[in-house]
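Text of run-v4.pdb, listed as PDB, C-alpha atoms and all ligand atoms:
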```pdb
ATOM      1  CA  MET D 223      94.889 100.756 122.290
ATOM      2  CA  SER D 224      91.395 101.839 123.040
ATOM      3  CA  ASN D 225      88.042 101.041 121.620
ATOM      4  CA  LEU D 226      87.345 104.498 120.166
ATOM      5  CA  ASP D 227      83.958 103.577 118.780
ATOM      6  CA  ARG D 228      81.696 106.468 119.841
ATOM      7  CA  GLU D 229      78.548 104.360 119.967
ATOM      8  CA  PRO D 230      79.604 100.995 121.297
ATOM      9  CA  VAL D 231      76.929  98.552 122.327
ATOM     10  CA  PRO D 232      77.385  96.354 125.384
ATOM     11  CA  ALA D 233      77.750  92.728 124.412
ATOM     12  CA  VAL D 234      77.636  89.464 126.297
ATOM     13  CA  CYS D 235      80.337  86.991 125.326
ATOM     14  CA  GLY D 236      82.158  83.950 126.679
ATOM     15  CA  GLY D 237      80.513  80.723 127.725
ATOM     16  CA  ARG D 238      80.610  77.260 126.222
ATOM     17  CA  GLY D 239      77.774  77.967 123.798
ATOM     18  CA  PHE D 240      80.135  79.916 121.544
ATOM     19  CA  VAL D 241      82.869  77.302 121.308
ATOM     20  CA  VAL D 242      83.197  74.879 118.396
ATOM     21  CA  ALA D 243      84.384  71.574 119.868
ATOM     22  CA  GLU D 244      85.834  70.122 116.649
ATOM     23  CA  PRO D 245      88.336  71.435 114.091
ATOM     24  CA  VAL D 246      86.808  73.999 111.734
ATOM     25  CA  ARG D 247      88.112  76.573 109.265
ATOM     26  CA  GLU D 248      86.088  79.756 109.622
ATOM     27  CA  LEU D 249      87.612  82.757 107.829
ATOM     28  CA  LEU D 250      86.593  86.020 109.510
ATOM     29  CA  SER D 251      86.760  89.379 107.765
ATOM     30  CA  PRO D 252      87.695  92.540 109.612
ATOM     31  CA  ARG D 253      85.583  95.550 110.385
ATOM     32  CA  ARG D 254      87.373  98.820 109.565
ATOM     33  CA  VAL D 255      87.432 101.195 112.529
ATOM     34  CA  MET D 256      89.080 104.629 112.789
ATOM     35  CA  LEU D 257      91.412 105.015 115.713
ATOM     36  CA  GLY D 258      91.649 108.767 116.296
ATOM     37  CA  GLU D 259      91.876 111.000 113.239
ATOM     38  CA  THR D 260      94.374 109.149 111.118
ATOM     39  CA  THR D 261      94.856 105.507 112.002
ATOM     40  CA  GLU D 262      92.532 102.911 110.498
ATOM     41  CA  VAL D 263      92.506  99.530 112.188
ATOM     42  CA  ARG D 264      91.049  96.208 111.125
ATOM     43  CA  ARG D 265      89.007  94.729 113.990
ATOM     44  CA  LEU D 266      88.902  90.927 113.943
ATOM     45  CA  LEU D 267      87.491  90.353 117.444
ATOM     46  CA  PRO D 268      84.814  90.846 118.493
ATOM     47  CA  ASN D 269      83.442  89.868 115.087
ATOM     48  CA  LEU D 270      79.904  89.457 113.859
ATOM     49  CA  GLY D 271      80.289  85.696 113.868
ATOM     50  CA  ARG D 272      82.671  85.250 116.797
ATOM     51  CA  ARG D 273      83.449  87.046 120.024
ATOM     52  CA  MET D 274      86.288  85.132 121.728
ATOM     53  CA  VAL D 275      89.051  82.603 121.131
ATOM     54  CA  GLY D 276      89.940  81.141 124.521
ATOM     55  CA  ALA D 277      90.294  84.220 126.742
ATOM     56  CA  TRP D 278      91.341  86.395 123.756
ATOM     57  CA  CYS D 279      88.471  88.826 123.339
ATOM     58  CA  PHE D 280      89.716  91.752 121.237
ATOM     59  CA  VAL D 281      92.046  91.811 118.217
ATOM     60  CA  ASP D 282      92.938  94.874 116.144
ATOM     61  CA  HIS D 283      95.443  94.741 113.282
ATOM     62  CA  TYR D 284      96.904  98.019 112.005
ATOM     63  CA  GLY D 285      99.339  99.008 109.282
ATOM     64  CA  PRO D 286     101.822  98.834 107.824
ATOM     65  CA  ASP D 287     101.226 102.592 107.585
ATOM     66  CA  ASP D 288     103.750 105.167 106.377
ATOM     67  CA  ILE D 289     103.745 107.730 109.210
ATOM     68  CA  ALA D 290     107.022 109.471 108.286
ATOM     69  CA  ASP D 291     105.343 112.888 108.107
ATOM     70  CA  GLU D 292     102.477 112.178 110.490
ATOM     71  CA  PRO D 293     101.996 111.984 114.258
ATOM     72  CA  GLY D 294     101.159 108.284 113.933
ATOM     73  CA  MET D 295      99.315 106.626 116.800
ATOM     74  CA  GLN D 296      97.858 109.055 119.334
ATOM     75  CA  VAL D 297      95.548 107.334 121.795
ATOM     76  CA  PRO D 298      94.807 109.594 124.793
ATOM     77  CA  PRO D 299      94.465 108.293 128.374
ATOM     78  CA  HIS D 300      91.577 105.873 128.779
ATOM     79  CA  PRO D 301      90.576 103.271 131.364
ATOM     80  CA  HIS D 302      90.476  99.474 131.391
ATOM     81  CA  MET D 303      88.901  96.954 133.745
ATOM     82  CA  GLY D 304      88.810  93.154 133.874
ATOM     83  CA  LEU D 305      91.354  92.433 131.134
ATOM     84  CA  GLN D 306      94.981  92.318 129.988
ATOM     85  CA  THR D 307      96.267  94.155 126.915
ATOM     86  CA  VAL D 308      99.039  92.910 124.640
ATOM     87  CA  SER D 309     100.907  95.354 122.384
ATOM     88  CA  TRP D 310     102.707  93.547 119.560
ATOM     89  CA  LEU D 311     104.632  95.276 116.794
ATOM     90  CA  HIS D 312     106.186  94.218 113.509
ATOM     91  CA  ASP D 313     107.374  97.746 112.599
ATOM     92  CA  GLY D 314     107.779 101.014 114.460
ATOM     93  CA  GLU D 315     107.403 101.760 118.137
ATOM     94  CA  VAL D 316     104.721 102.694 120.653
ATOM     95  CA  LEU D 317     105.291 104.734 123.808
ATOM     96  CA  HIS D 318     103.122 103.381 126.632
ATOM     97  CA  ARG D 319     102.273 105.404 129.775
ATOM     98  CA  ASP D 320     100.021 104.169 132.572
ATOM     99  CA  SER D 321      98.547 105.109 135.928
ATOM    100  CA  THR D 322     100.892 102.773 137.844
ATOM    101  CA  GLY D 323     103.790 104.927 136.620
ATOM    102  CA  GLY D 324     104.633 102.581 133.765
ATOM    103  CA  LEU D 325     106.544 104.353 130.963
ATOM    104  CA  GLN D 326     107.924 102.163 128.192
ATOM    105  CA  THR D 327     108.782 102.317 124.524
ATOM    106  CA  ILE D 328     107.718  99.011 122.944
ATOM    107  CA  ARG D 329     109.543  97.846 119.814
ATOM    108  CA  PRO D 330     108.999  94.982 117.350
ATOM    109  CA  ARG D 331     108.751  91.526 118.943
ATOM    110  CA  GLN D 332     108.915  92.885 122.485
ATOM    111  CA  LEU D 333     105.995  92.189 124.812
ATOM    112  CA  GLY D 334     104.164  95.042 126.496
ATOM    113  CA  LEU D 335     101.644  93.318 128.771
ATOM    114  CA  MET D 336      99.269  95.378 130.875
ATOM    115  CA  THR D 337      97.050  93.751 133.482
ATOM    116  CA  SER D 338      94.246  96.142 134.318
ATOM    117  CA  GLY D 339      92.862  94.104 137.200
ATOM    118  CA  ARG D 340      90.156  96.219 138.845
ATOM    119  CA  ALA D 341      91.270  99.526 137.287
ATOM    120  CA  ILE D 342      94.057 101.107 135.255
ATOM    121  CA  SER D 343      94.378 103.908 132.726
ATOM    122  CA  HIS D 344      96.960 104.337 129.991
ATOM    123  CA  SER D 345      97.891 106.170 126.802
ATOM    124  CA  GLU D 346      99.700 104.976 123.671
ATOM    125  CA  GLU D 347     101.503 107.172 121.182
ATOM    126  CA  SER D 348     104.080 107.130 118.435
ATOM    127  CA  PRO D 349     107.098 108.943 119.911
ATOM    128  CA  GLY D 350     107.920 112.377 118.438
ATOM    129  CA  SER D 351     110.802 110.827 116.544
ATOM    130  CA  HIS D 352     109.599 107.562 115.045
ATOM    131  CA  ALA D 353     110.252 105.021 112.329
ATOM    132  CA  ARG D 354     108.614 105.458 108.927
ATOM    133  CA  LEU D 355     106.395 102.371 109.245
ATOM    134  CA  LEU D 356     103.946 101.434 111.971
ATOM    135  CA  HIS D 357     102.566  97.902 111.887
ATOM    136  CA  GLY D 358     101.181  95.848 114.717
ATOM    137  CA  ALA D 359      98.351  94.280 116.617
ATOM    138  CA  GLN D 360      96.565  95.132 119.807
ATOM    139  CA  LEU D 361      94.940  92.296 121.707
ATOM    140  CA  TRP D 362      92.931  91.906 124.902
ATOM    141  CA  ILE D 363      92.631  88.886 127.174
ATOM    142  CA  ALA D 364      89.659  88.553 129.541
ATOM    143  CA  LEU D 365      90.572  87.971 133.183
ATOM    144  CA  PRO D 366      88.739  85.160 135.001
ATOM    145  CA  ASP D 367      86.513  86.082 137.934
ATOM    146  CA  SER D 368      89.146  84.811 140.390
ATOM    147  CA  HIS D 369      91.697  87.424 139.220
ATOM    148  CA  ARG D 370      89.769  90.291 137.728
ATOM    149  CA  SER D 371      90.109  92.418 140.876
ATOM    150  CA  THR D 372      93.873  91.976 141.033
ATOM    151  CA  ASP D 373      96.228  94.967 141.346
ATOM    152  CA  PRO D 374      96.983  96.755 138.076
ATOM    153  CA  ARG D 375     100.483  96.199 136.684
ATOM    154  CA  PHE D 376     102.530  96.619 133.537
ATOM    155  CA  GLU D 377     105.125  94.075 132.413
ATOM    156  CA  PHE D 378     107.718  94.545 129.734
ATOM    157  CA  HIS D 379     109.488  91.484 128.296
ATOM    158  CA  PRO D 380     112.047  92.486 125.656
ATOM    159  CA  GLU D 381     113.407  88.919 125.409
ATOM    160  CA  LEU D 382     111.026  86.095 124.597
ATOM    161  CA  PRO D 383     111.563  82.381 123.909
ATOM    162  CA  VAL D 384     111.945  81.442 120.254
ATOM    163  CA  VAL D 385     110.991  78.062 118.762
ATOM    164  CA  THR D 386     112.354  77.212 115.335
ATOM    165  CA  ALA D 387     111.669  74.634 112.619
ATOM    166  CA  PRO D 388     112.784  74.682 108.979
ATOM    167  CA  GLY D 389     111.210  77.848 107.531
ATOM    168  CA  LEU D 390     109.581  78.851 110.823
ATOM    169  CA  THR D 391     110.656  81.215 113.601
ATOM    170  CA  ALA D 392     108.043  81.300 116.341
ATOM    171  CA  THR D 393     108.345  83.924 119.077
ATOM    172  CA  LEU D 394     106.353  82.906 122.120
ATOM    173  CA  ILE D 395     104.368  85.884 123.400
ATOM    174  CA  LEU D 396     102.341  84.207 126.148
ATOM    175  CA  GLY D 397     101.792  80.708 127.456
ATOM    176  CA  ARG D 398     103.554  77.586 126.161
ATOM    177  CA  LEU D 399     104.466  76.274 122.753
ATOM    178  CA  ASP D 400     106.493  73.154 121.914
ATOM    179  CA  GLY D 401     108.112  73.088 125.378
ATOM    180  CA  ALA D 402     108.922  76.825 125.539
ATOM    181  CA  VAL D 403     107.332  79.013 128.230
ATOM    182  CA  SER D 404     106.754  82.774 128.052
ATOM    183  CA  PRO D 405     107.717  84.944 131.053
ATOM    184  CA  GLY D 406     104.454  86.922 130.677
ATOM    185  CA  THR D 407     101.838  86.471 133.406
ATOM    186  CA  THR D 408      98.631  84.694 132.389
ATOM    187  CA  TYR D 409      95.523  83.854 134.401
ATOM    188  CA  THR D 410      93.910  81.161 132.252
ATOM    189  CA  PRO D 411      95.608  78.474 130.096
ATOM    190  CA  LEU D 412      96.337  80.201 126.769
ATOM    191  CA  VAL D 413      98.937  80.771 124.088
ATOM    192  CA  GLY D 414      99.965  83.658 121.863
ATOM    193  CA  ALA D 415     102.806  83.272 119.374
ATOM    194  CA  ASP D 416     104.263  85.244 116.495
ATOM    195  CA  LEU D 417     104.947  82.959 113.520
ATOM    196  CA  ALA D 418     107.456  84.184 110.943
ATOM    197  CA  LEU D 419     107.341  81.880 107.919
ATOM    198  CA  ALA D 420     109.931  81.906 105.158
ATOM    199  CA  ARG D 421     108.812  81.500 101.547
ATOM    200  CA  GLY D 422     108.376  77.795 100.830
ATOM    201  CA  ALA D 423     107.932  76.838 104.487
ATOM    202  CA  ASP D 424     105.857  73.696 105.056
ATOM    203  CA  VAL D 425     105.598  72.887 108.754
ATOM    204  CA  ARG D 426     103.266  71.432 111.350
ATOM    205  CA  LEU D 427     102.888  73.315 114.599
ATOM    206  CA  PRO D 428     102.084  71.265 117.731
ATOM    207  CA  LEU D 429      98.808  72.300 119.400
ATOM    208  CA  GLU D 430      96.806  71.411 122.536
ATOM    209  CA  PRO D 431      93.647  69.473 121.606
ATOM    210  CA  ASP D 432      91.737  71.055 124.519
ATOM    211  CA  PHE D 433      92.431  74.598 123.306
ATOM    212  CA  GLU D 434      90.403  76.700 120.937
ATOM    213  CA  TYR D 435      92.572  78.412 118.263
ATOM    214  CA  ALA D 436      92.651  81.104 115.611
ATOM    215  CA  VAL D 437      95.380  82.519 113.353
ATOM    216  CA  LEU D 438      95.710  86.214 112.497
ATOM    217  CA  SER D 439      97.511  87.079 109.281
ATOM    218  CA  MET D 440      99.809  90.100 109.606
ATOM    219  CA  SER D 441     101.709  89.977 106.287
ATOM    220  CA  GLY D 442     102.450  87.851 103.217
ATOM    221  CA  GLU D 443     100.573  84.853 101.876
ATOM    222  CA  ALA D 444     100.213  81.731 103.949
ATOM    223  CA  HIS D 445      98.025  78.641 103.880
ATOM    224  CA  VAL D 446      96.763  77.650 107.300
ATOM    225  CA  ASP D 447      95.328  74.120 107.310
ATOM    226  CA  GLY D 448      95.016  74.550 103.553
ATOM    227  CA  VAL D 449      93.121  77.855 103.696
ATOM    228  CA  PRO D 450      94.780  80.874 102.044
ATOM    229  CA  VAL D 451      94.878  83.644 104.635
ATOM    230  CA  LEU D 452      95.598  87.242 103.643
ATOM    231  CA  PRO D 453      96.775  90.083 105.910
ATOM    232  CA  GLY D 454      94.058  91.519 108.108
ATOM    233  CA  SER D 455      91.969  88.364 108.335
ATOM    234  CA  LEU D 456      91.480  85.826 111.108
ATOM    235  CA  LEU D 457      90.996  82.109 110.595
ATOM    236  CA  TYR D 458      89.070  80.481 113.445
ATOM    237  CA  LEU D 459      90.110  76.850 113.899
ATOM    238  CA  GLY D 460      87.887  75.473 116.683
ATOM    239  CA  CYS D 461      89.184  72.831 119.135
ATOM    240  CA  GLY D 462      90.373  69.219 118.881
ATOM    241  CA  ARG D 463      93.633  69.736 116.987
ATOM    242  CA  SER D 464      97.010  68.301 117.957
ATOM    243  CA  GLU D 465      98.845  70.062 115.129
ATOM    244  CA  LEU D 466      98.386  72.777 112.543
ATOM    245  CA  PRO D 467      99.744  72.571 108.965
ATOM    246  CA  LEU D 468     101.284  75.864 107.775
ATOM    247  CA  ARG D 469     102.613  76.670 104.312
ATOM    248  CA  ALA D 470     103.991  79.965 103.031
ATOM    249  CA  GLU D 471     103.796  81.157  99.411
ATOM    250  CA  SER D 472     105.934  84.175 100.334
ATOM    251  CA  ASP D 473     107.591  85.364 103.530
ATOM    252  CA  ALA D 474     104.605  85.637 105.844
ATOM    253  CA  GLY D 475     103.800  86.843 109.347
ATOM    254  CA  LEU D 476     101.051  85.192 111.414
ATOM    255  CA  MET D 477      99.908  85.266 115.013
ATOM    256  CA  LEU D 478      98.651  82.116 116.698
ATOM    257  CA  LEU D 479      96.027  82.780 119.381
ATOM    258  CA  GLY D 480      94.584  80.027 121.496
ATOM    259  CA  GLY D 481      93.416  78.961 124.891
ATOM    260  CA  GLU D 482      91.111  76.905 127.002
ATOM    261  CA  PRO D 483      87.537  77.894 126.082
ATOM    262  CA  PHE D 484      86.462  80.725 128.378
ATOM    263  CA  GLU D 485      83.554  79.394 130.431
ATOM    264  CA  GLU D 486      82.379  82.561 132.148
ATOM    265  CA  GLU D 487      79.901  84.920 130.549
ATOM    266  CA  LEU D 488      81.211  88.464 130.250
ATOM    267  CA  VAL D 489      79.803  91.871 129.542
ATOM    268  CA  MET D 490      82.051  93.955 127.284
ATOM    269  CA  PHE D 491      81.452  97.661 126.816
ATOM    270  CA  TRP D 492      83.953 100.200 125.465
ATOM    271  CA  ASN D 493      87.205  99.459 127.335
ATOM    272  CA  PHE D 494      85.603  97.603 130.222
ATOM    273  CA  ILE D 495      84.903  93.949 130.903
ATOM    274  CA  GLY D 496      82.558  93.109 133.744
ATOM    275  CA  ARG D 497      79.893  90.595 134.627
ATOM    276  CA  THR D 498      76.844  92.846 134.941
ATOM    277  CA  GLN D 499      75.557  96.039 133.345
ATOM    278  CA  GLU D 500      75.597  97.687 136.816
ATOM    279  CA  GLU D 501      79.344  97.062 137.115
ATOM    280  CA  ILE D 502      79.916  98.642 133.721
ATOM    281  CA  GLU D 503      77.772 101.655 134.664
ATOM    282  CA  GLN D 504      79.808 102.094 137.844
ATOM    283  CA  ALA D 505      83.114 101.883 135.942
ATOM    284  CA  ARG D 506      81.919 104.429 133.414
ATOM    285  CA  HIS D 507      80.819 106.752 136.238
ATOM    286  CA  ASP D 508      84.156 106.346 138.046
ATOM    287  CA  TRP D 509      86.129 107.211 134.910
ATOM    288  CA  GLN D 510      83.957 110.248 134.152
ATOM    289  CA  THR D 511      84.371 111.531 137.709
ATOM    290  CA  GLY D 512      88.120 110.932 137.844
ATOM    291  CA  THR D 513      88.087 108.264 140.539
ATOM    292  CA  ARG D 514      89.496 104.722 140.751
ATOM    293  CA  PHE D 515      91.390 104.626 137.418
ATOM    294  CA  GLY D 516      94.325 106.785 138.510
ATOM    295  CA  GLU D 517      96.143 109.317 136.373
ATOM    296  CA  VAL D 518      98.408 109.041 133.329
ATOM    297  CA  LYS D 519     101.228 111.563 133.614
ATOM    298  CA  GLY D 520     103.013 113.183 130.691
ATOM    299  CA  TYR D 521     100.544 112.693 127.839
ATOM    300  CA  ASP D 522     100.039 115.896 125.855
ATOM    301  CA  GLY D 523      96.255 116.012 125.612
ATOM    302  CA  ASP D 524      92.978 115.376 127.394
ATOM    303  CA  PRO D 525      91.752 111.931 128.469
ATOM    304  CA  LEU D 526      89.109 110.199 126.372
ATOM    305  CA  PRO D 527      85.550 110.659 127.592
ATOM    306  CA  ALA D 528      83.506 107.483 128.015
ATOM    307  CA  PRO D 529      80.711 107.042 125.478
ATOM    308  CA  GLU D 530      77.103 106.943 126.622
ATOM    309  CA  LEU D 531      75.804 103.612 127.788
ATOM    310  CA  PRO D 532      72.640 102.710 125.845
ATOM    311  CA  SER D 533      69.636 102.362 128.122
ATOM    312  CA  ALA D 534      68.359  99.252 126.338
ATOM    313  CA  PRO D 535      69.041  95.991 128.163
ATOM    314  CA  LEU D 536      72.010  93.856 127.157
ATOM    315  CA  LYS D 537      71.732  91.730 124.058
ATOM    316  CA  ARG D 538      72.797  88.158 124.127
ATOM    317  CA  ARG D 539      74.363  87.254 120.831
ATOM    318  CA  GLY D 540      74.940  83.795 119.496
ATOM    319  CA  ARG D 541      77.866  82.518 117.539
ATOM    320  CA  VAL D 542      75.800  82.101 114.418
ATOM    321  CA  ARG D 543      75.033  85.199 112.350
TER     322      ARG D 543
HETATM  323 MN    MN D 601      93.917 100.644 125.907
END
```
Exercise: express the given structure as structure tokens:
Amino acid sequence: MSNLDREPVPAVCGGRGFVVAEPVRELLSPRRVMLGETTEVRRLLPNLGRRMVGAWCFVDHYGPDDIADEPGMQVPPHPHMGLQTVSWLHDGEVLHRDSTGGLQTIRPRQLGLMTSGRAISHSEESPGSHARLLHGAQLWIALPDSHRSTDPRFEFHPELPVVTAPGLTATLILGRLDGAVSPGTTYTPLVGADLALARGADVRLPLEPDFEYAVLSMSGEAHVDGVPVLPGSLLYLGCGRSELPLRAESDAGLMLLGGEPFEEELVMFWNFIGRTQEEIEQARHDWQTGTRFGEVKGYDGDPLPAPELPSAPLKRRGRVR
């Protein structure tokens, strides 16, 4: 997935100043963003009131959309730098192509994990023959300074560890949960898990008190620490929790996102994460001139042009609105 906003503004995020050290319940509403001509996504991160949760720095929720008679997702080749992307589906499929030669159809509850390192480009599309419904989330994880120049790579993990409790099936996407460990590569301590709750479920999920957490609602009606959370919203939970009470009023799908608070300050612009505006300018220039980010083969269409970088200096934005 790409940030297709045509007038993105560079933003500084990360750093301890944004982190809430104690447990909180902060319900964040999405911003509606068009992805290409037809797909509307709900952007939860970055949000007006919050930019990161651990190293998680971008969260889009889309669907369920009926794409039976439509092309579905069509995101042309575009670059990334300084981050990992996670493709996570509840319905449908996405065909991923990248400049390392990666070519993979990703299906529900399979992990497509792309590490951009210093430079990668990729495209994402609904295959010509696709399921009626498309429903999923696209997430980015910021890479720490020590690993942000690593080689680009794509990992596909069709089998992931599953943790169960009465009424709960948790699929571990990344990191650790209740003794299970994901095979996906991570560069900072974090967790991502898909939580399928059955109607009537009433469980407590073990958490790491040092982590910062949030829960994304994908479907159904669930109460997270007593707060009703509807699909397309994100409940920020802060730090200092050793468990999380979950209740489901109906069958419900949630995603748990968490991690050690990200200490480094970042500059995010379009599909790039760097540390300075100069780095971002260089990345933009390299993409526009066809260097460094490689080539995506087989996508039927032109690559995405990079938007203009505003000339105004970077804005530092606080956590508080
Ligand atoms: Mn992308």
Result set, the PyMOL selection byres (((not hetatm)) within 12 of (chain D and resi 601)) on current file, as a PyMOL selection string: chain D and resi 223-226+257+280-282+296-303+305-309+318-321+334-338+341-347+360-363+492-494+525-526
Set the distance at 8 Å and use all atoms listed in the file: which residues neighbour stretch 424-434 of chain D once local chain neighbours fewer than 2 positions away are removed? I'd like the list as a PyMOL selection string. chain D and resi 241-243+275-276+387-390+399-400+412+422+436+459-470+480-483
Would you work out the distance separating atom CA of D:Ile495 from atom CA of D:Arg375, expressed in Å to one decimal?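 Computed distance, atom CA of D:Ile495 to atom CA of D:Arg375, equals 16.8 Å.
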If I take atom CA of D:His445 and atom CA of D:Gly271, how far is one from the other in Å, to one decimal?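 So the answer is 21.5 Å.
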Which one of D:Gly294, D:Glu443, D:Leu488, D:Ser455 sits closest to D:Arg265 if you count all atoms listed in the file?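 The closest residue to D:Arg265 is D:Ser455.
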Within-6 Å shell of (103.0, 83.2, 109.2) in input frame, only C-alpha atoms, as a ChimeraX atom specification: /D:417-419,474-476
Expected file: the selected residues, C-alpha atoms, as a CSV table (one decimal), keeping the file's coordinate frame:
```csv
chain,number,residue,atom,x,y,z
D,417,LEU,CA,104.9,83.0,113.5
D,418,ALA,CA,107.5,84.2,110.9
D,419,LEU,CA,107.3,81.9,107.9
D,474,ALA,CA,104.6,85.6,105.8
D,475,GLY,CA,103.8,86.8,109.3
D,476,LEU,CA,101.1,85.2,111.4
```
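Using only C-alpha atoms, the shortest contact distance between D:Ser371 and any of D:Arg340, D:His283, D:Arg247, D:Arg329 is found at D:Arg340.
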Which one is closest to D:Leu438: D:Arg421, D:Met477, D:Tyr521, D:Thr410? Count only C-alpha atoms. D:Met477
Using all atoms listed in the file, which residue out of D:Pro286, D:Pro405, D:Gly520, D:Gly448 lies closest to D:Leu333?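 Of D:Pro286, D:Pro405, D:Gly520, D:Gly448, the one nearest D:Leu333, counting all atoms listed in the file, is D:Pro405.
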Applying the PyMOL selection byres (((chain D and resi 251) around 8) and not hetatm) to the file I just gave you, which residues come out? Please list them as a list of chain:residue names. D:Leu249, D:Leu250, D:Pro252, D:Arg253, D:Leu266, D:Gly454, D:Ser455, D:Leu456
As an exercise, work out the distance from atom CA of D:Val263 to atom CA of D:Thr327 in Å and give it to one decimal place.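 Result for atom CA of D:Val263 versus atom CA of D:Thr327: 20.6 Å, one decimal.
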Could you work out an axis-aligned bounding box for all listed atoms of stretch 402-408 of chain D, with 3 Å added on each of the six sides, and give its centre and edge lengths in Å to one decimal, as lines of an AutoDock Vina configuration file?
```
center_x = 103.8
center_y = 81.9
center_z = 129.5
size_x = 16.3
size_y = 16.1
size_z = 13.9
```
Best match for closeness to D:Ala359 among D:Arg273, D:Arg254, D:Lys519, D:Arg264, counting all atoms listed in the file: D:Arg264
Looking at D:Gly285, D:Leu478, D:His369, D:Leu531, which one is nearest to D:Glu501, with distances taken over all atoms listed in the file?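 Smallest separation from D:Glu501 among the options: D:Leu531.
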Excluding same-chain residues fewer than 4 positions from D:Gly442, what lies within 8 Å of it counting all atoms listed in the file, as a ChimeraX atom specification? /D:452-453,471-475
Counting all atoms listed in the file, what is within 9 Å of D:Gly323, bar same-chain residues fewer than 5 positions away, as a PyMOL selection string? chain D and resi 376+517-519
Distance query D:Gly406 at most 8 Å, all atoms listed in the file, self and fewer than 4 positions along chain excluded, as a list in words: Leu335, Glu377, His379, Ile395, Leu396 and Gly397 of chain D
